[in-house]
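Asker: The structure's right below; bear with me while I get my questions together.
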There are 2 protein chains.
Amino acid sequence: MSVPDSHPRAKSLKLRERLVEGLHAGLVTESGLIAHGRGEALDYLLGERTHDFARRAIEAASAYLTLARHPVLSINGNAAALAAEQFVALAQDDPRLILEVNLFYWTPERVEKIIQRLRDVAQGASPTIFDSRGPGSILLSGSDNPRRQVHPDGIGRADVVLVSLEDGDRCEALLAGGMTVICVDLNPLSRTAQRCQVSIVDELTRCLPVLGECLRRDRGRGRQELEERVRGYDNRQVLADAVTALRHGATD
Amino acid sequence: MSVPDSHPRAKSLKLRERLVEGLHAGLVTESGLIAHGRGEALDYLLGERTHDFARRAIEAASAYLTLARHPVLSINGNAAALAAEQFVALAQDDPRLILEVNLFYWTPERVEKIIQRLRDVAQGASPTIFDSRGPGSILLSGSDNPRRQVHPDGIGRADVVLVSLEDGDRCEALLAGGMTVICVDLNPLSRTAQRCQVSIVDELTRCLPVLGECLRRDRGRGRQELEERVRGYDNRQVLADAVTALRHGATD
């Protein structure tokens, strides 16, 4: 099935196709398809656009990632199926950004397929890619959360982690481990969005290019300016604005 | 995986399990899983309960079905995976209610599996079950909609059809064929919900038992009372109230 570009919901339908292809390729699980459907409905209610509250969160995320000593982008099956090219492009632009594959339903075969997909799209210029549950993985201290397994040289040493489409337990484990967590999550009421420091309430493939632009621009800026942006950022307000947009369909 | 009853989202998680089992059993498609996710998000925003606007629609649906000359319940893969027992119970309660299986992604194997599932849960007391696209199927007149194929003794003769989790094209084809269409759809803004005569904005497995009670009660009532209920029903208002509840989380 191929969706013509002229279809009013072409972008949404193409993302759906990528997910179904991801299921057949072994990257995505059945639960991942259902989760994607939840995101579709929320994005539909948000008008399928990047709101001002999301731009503010992206600006803060860019400052955090630029200031970080050891920033990591955490990638799961849905994120890889939807945005492998975009994540790889971010890491190719800035080699400090490490990719770590972290799966709820982990199998060696599935993680290998996802890493291979990321390497394929990198076309020979592969960034550093770790597996959260591979040999030598460690447990983050700070909690007994079942989802605290990480790679020692990836999230195990990270100070800032960006997670996309992630579950609440994983977010809790990273926060308990002392990290700053940036999430991309279309549900501003989710545990992940409510608990982490920066909540980007936006569709993943729409916000990553915006984040990429911010990161390129912020590399040329001084620490003081970026630190001030972080201090001035109010995630409570961003979440409140996102809930308002979701409920009232408000424009901003 | 099994979900304990004490889990705060046990009901929602069990429905999700039924869908995934349905995929593995060949009843449900990948697109069906994504569609289920969209429904989950909408039901979450509606507070996962049967609102007053849904009860009003169910009352009207019961009157229409009771008054009907030839009422049909249309069933697709998701509906069968979620509510085969409930649809069969409705038809066992009232043998006038015919079941017709209607699939967007139709294959002889898939329709056969769904019919078998319905027969299995009927335990020897199977209602009449037709296949919209089986041998001898006809095209409804009134439009050239690609989804106008129906069984001549099922929807082909129907005056009232209840469709669940159905796409807009199918609904259009039935309306063009002159039928009264009752839909169960969690999105009050969908083409199906907006176009059909009675829109039950509620989760399928939650509203079917309520409909079953209404139908049992209405069988003992006079035509005049039921006709008055149909005349007094205002689907525009029901949809407006549903949109308000979705947007504002209003209680009623």
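Following the order of the structure tokens, first chain is A, next is B, and so on, with residues numbered from 1 inside each chain and ligands from 1 in the order they appear.
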Applying 12 Å and only C-alpha atoms, which residues near Cys196 of chain B remain after dropping the ones on its own chain fewer than 2 positions away? List them as a VMD selection string.
Answerer: chain B and resid 57 61 160 to 164 166 to 176 178 to 185 188 to 194 198 to 200 234 to 236 239
Asker: Got a sec: who's within 10 Å of segment 106-122 of chain A, counting only C-alpha atoms, leaving out chain neighbours fewer than 4 positions off, as a ChimeraX atom specification?
Answerer: /A:22,25-29,75-81,83-89,91-92,99-102,126-134
Asker: Excluding Arg231 of chain A and its own-chain neighbours fewer than 4 positions away, which residues fall within 12 Å of it when counting only C-alpha atoms? Please give them as a list in words.
Answerer: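 With the cut-off at 12 Å, the set is Ala60, Ala63, Tyr64, Gln197, Val198, Gln224, Glu225, Leu226, Glu227 and Asn235 of chain A.
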Asker: May I have the residues from that selection written out with N, CA and C atoms, as a PDB file, in the first residue's frame?
Answerer:
```pdb
ATOM      1  N   ALA A  60      14.884  24.144  25.540  1.00  0.00           N
ATOM      2  CA  ALA A  60      15.492  23.725  26.813  1.00  0.00           C
ATOM      3  C   ALA A  60      16.272  22.431  26.628  1.00  0.00           C
ATOM      4  N   ALA A  63      19.589  23.116  25.052  1.00  0.00           N
ATOM      5  CA  ALA A  63      20.552  23.689  26.013  1.00  0.00           C
ATOM      6  C   ALA A  63      21.099  22.595  26.926  1.00  0.00           C
ATOM      7  N   TYR A  64      20.213  21.744  27.460  1.00  0.00           N
ATOM      8  CA  TYR A  64      20.669  20.650  28.334  1.00  0.00           C
ATOM      9  C   TYR A  64      21.650  19.734  27.600  1.00  0.00           C
ATOM     10  N   GLN A 197      12.393  16.206  33.511  1.00  0.00           N
ATOM     11  CA  GLN A 197      12.712  17.639  33.611  1.00  0.00           C
ATOM     12  C   GLN A 197      12.260  18.432  32.390  1.00  0.00           C
ATOM     13  N   VAL A 198      12.305  17.800  31.216  1.00  0.00           N
ATOM     14  CA  VAL A 198      11.897  18.493  29.992  1.00  0.00           C
ATOM     15  C   VAL A 198      10.963  17.569  29.211  1.00  0.00           C
ATOM     16  N   GLN A 224      27.041  30.417  29.473  1.00  0.00           N
ATOM     17  CA  GLN A 224      26.209  31.252  30.345  1.00  0.00           C
ATOM     18  C   GLN A 224      24.803  31.426  29.768  1.00  0.00           C
ATOM     19  N   GLU A 225      24.738  31.689  28.466  1.00  0.00           N
ATOM     20  CA  GLU A 225      23.438  31.864  27.822  1.00  0.00           C
ATOM     21  C   GLU A 225      22.600  30.586  27.932  1.00  0.00           C
ATOM     22  N   LEU A 226      23.267  29.446  27.708  1.00  0.00           N
ATOM     23  CA  LEU A 226      22.539  28.174  27.761  1.00  0.00           C
ATOM     24  C   LEU A 226      22.091  27.862  29.196  1.00  0.00           C
ATOM     25  N   GLU A 227      22.957  28.147  30.162  1.00  0.00           N
ATOM     26  CA  GLU A 227      22.598  27.906  31.565  1.00  0.00           C
ATOM     27  C   GLU A 227      21.418  28.786  31.983  1.00  0.00           C
ATOM     28  N   ASN A 235       8.964  23.573  33.156  1.00  0.00           N
ATOM     29  CA  ASN A 235       8.296  22.398  32.573  1.00  0.00           C
ATOM     30  C   ASN A 235       6.859  22.260  33.064  1.00  0.00           C
TER      31      ASN A 235
END
```
Asker: Among segment 32-182 of chain B, which residues carry a DSSP assignment of strand (DSSP E), reported as a PyMOL selection string?
Answerer: chain B and resi 71-75+98-101+129-131+138-139+149-150+160-164+180-182
Asker: Could you build a table of the residues in chain B lying no more than 6 Å from chain A, giving for each the nearest pair of atoms and their separation in Å rounded to one decimal place, using only C-alpha atoms, ordered by chain and ascending residue number, as a tab-separated table?
Answerer:
```
residue	atom	partner	partner_atom	distance
B:Leu33	CA	A:Ile34	CA	5.2
B:Ile34	CA	A:Gly37	CA	4.2
B:Ala35	CA	A:Gly37	CA	5.8
B:Gly37	CA	A:Gly37	CA	4.0
B:Arg38	CA	A:Gly37	CA	4.4
B:Ala41	CA	A:Arg38	CA	4.8
B:Arg247	CA	A:Arg247	CA	4.0
B:His248	CA	A:Arg247	CA	5.2
```
Asker: May I have the selected residues written with N, CA and C atoms, as a PDB file, in the first residue's frame?
Answerer:
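Contents of again_15.pdb, freshly written:
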```
ATOM      1  N   LEU B  33      -4.615  -3.051  15.236  1.00  0.00           N
ATOM      2  CA  LEU B  33      -3.952  -2.745  16.512  1.00  0.00           C
ATOM      3  C   LEU B  33      -3.757  -1.245  16.671  1.00  0.00           C
ATOM      4  N   ILE B  34      -3.338  -0.579  15.599  1.00  0.00           N
ATOM      5  CA  ILE B  34      -3.119   0.875  15.676  1.00  0.00           C
ATOM      6  C   ILE B  34      -4.453   1.578  15.938  1.00  0.00           C
ATOM      7  N   ALA B  35      -5.491   1.133  15.263  1.00  0.00           N
ATOM      8  CA  ALA B  35      -6.818   1.722  15.477  1.00  0.00           C
ATOM      9  C   ALA B  35      -7.260   1.531  16.928  1.00  0.00           C
ATOM     10  N   GLY B  37      -5.309   1.389  19.474  1.00  0.00           N
ATOM     11  CA  GLY B  37      -4.551   2.365  20.268  1.00  0.00           C
ATOM     12  C   GLY B  37      -5.203   3.738  20.229  1.00  0.00           C
ATOM     13  N   ARG B  38      -5.678   4.138  19.044  1.00  0.00           N
ATOM     14  CA  ARG B  38      -6.371   5.432  18.956  1.00  0.00           C
ATOM     15  C   ARG B  38      -7.588   5.446  19.884  1.00  0.00           C
ATOM     16  N   ALA B  41      -6.633   5.906  23.588  1.00  0.00           N
ATOM     17  CA  ALA B  41      -6.313   7.284  23.983  1.00  0.00           C
ATOM     18  C   ALA B  41      -7.589   8.102  24.151  1.00  0.00           C
ATOM     19  N   ARG B 247     -12.954  17.121  25.056  1.00  0.00           N
ATOM     20  CA  ARG B 247     -12.083  18.290  25.135  1.00  0.00           C
ATOM     21  C   ARG B 247     -11.889  18.773  26.564  1.00  0.00           C
ATOM     22  N   HIS B 248     -12.963  18.801  27.320  1.00  0.00           N
ATOM     23  CA  HIS B 248     -12.896  19.433  28.632  1.00  0.00           C
ATOM     24  C   HIS B 248     -12.888  18.427  29.772  1.00  0.00           C
TER      25      HIS B 248
END
```
Asker: Restricting the calculation to only C-alpha atoms: of A:Val230, A:Leu97, A:Leu165, A:Ile58, which residue gets closest to Pro209 of chain A?
Answerer: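 Nearest to Pro209 of chain A: A:Ile58.
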Asker: May I ask which of the residues B:Glu203, B:Val72, B:Leu215, B:Leu67 is the closest one to Pro152 of chain B, counting only C-alpha atoms?
Answerer: B:Val72
Asker: Return the single residue from B:Lys11, B:Arg206, B:Arg219, B:Arg229 that is closest to Thr66 of chain B, with distances computed using only C-alpha atoms.
Answerer: B:Arg219
Asker: Return the single residue from B:Arg96, B:Lys14, B:His151, B:Arg49 that is closest to Arg69 of chain B, with distances computed using only C-alpha atoms.
Answerer: B:Arg96
Asker: Tell me which of A:Ile138, A:Glu59, A:Val201, A:Leu65 sits closest to Gly232 of chain A, counting only C-alpha atoms.
Answerer: A:Glu59
Asker: Calculate how many Å separate atom CA of Asp94 of chain A from atom CA of Arg195 of chain A, rounding to one decimal.
Answerer: 27.3 Å
Asker: What's the 7 Å shell around Leu139 of chain A, counting only C-alpha atoms, without same-chain residues fewer than 3 positions away, as a PDB file with C-alpha atoms, in the first residue's frame?
Answerer:
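Saved as result01.pdb:
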```pdb
ATOM      1  CA  ARG A 148      17.225   0.177  35.507  1.00  0.00           C
ATOM      2  CA  GLN A 149      19.545  -1.869  33.267  1.00  0.00           C
ATOM      3  CA  VAL A 150      21.881   0.293  31.152  1.00  0.00           C
TER       4      VAL A 150
END
```
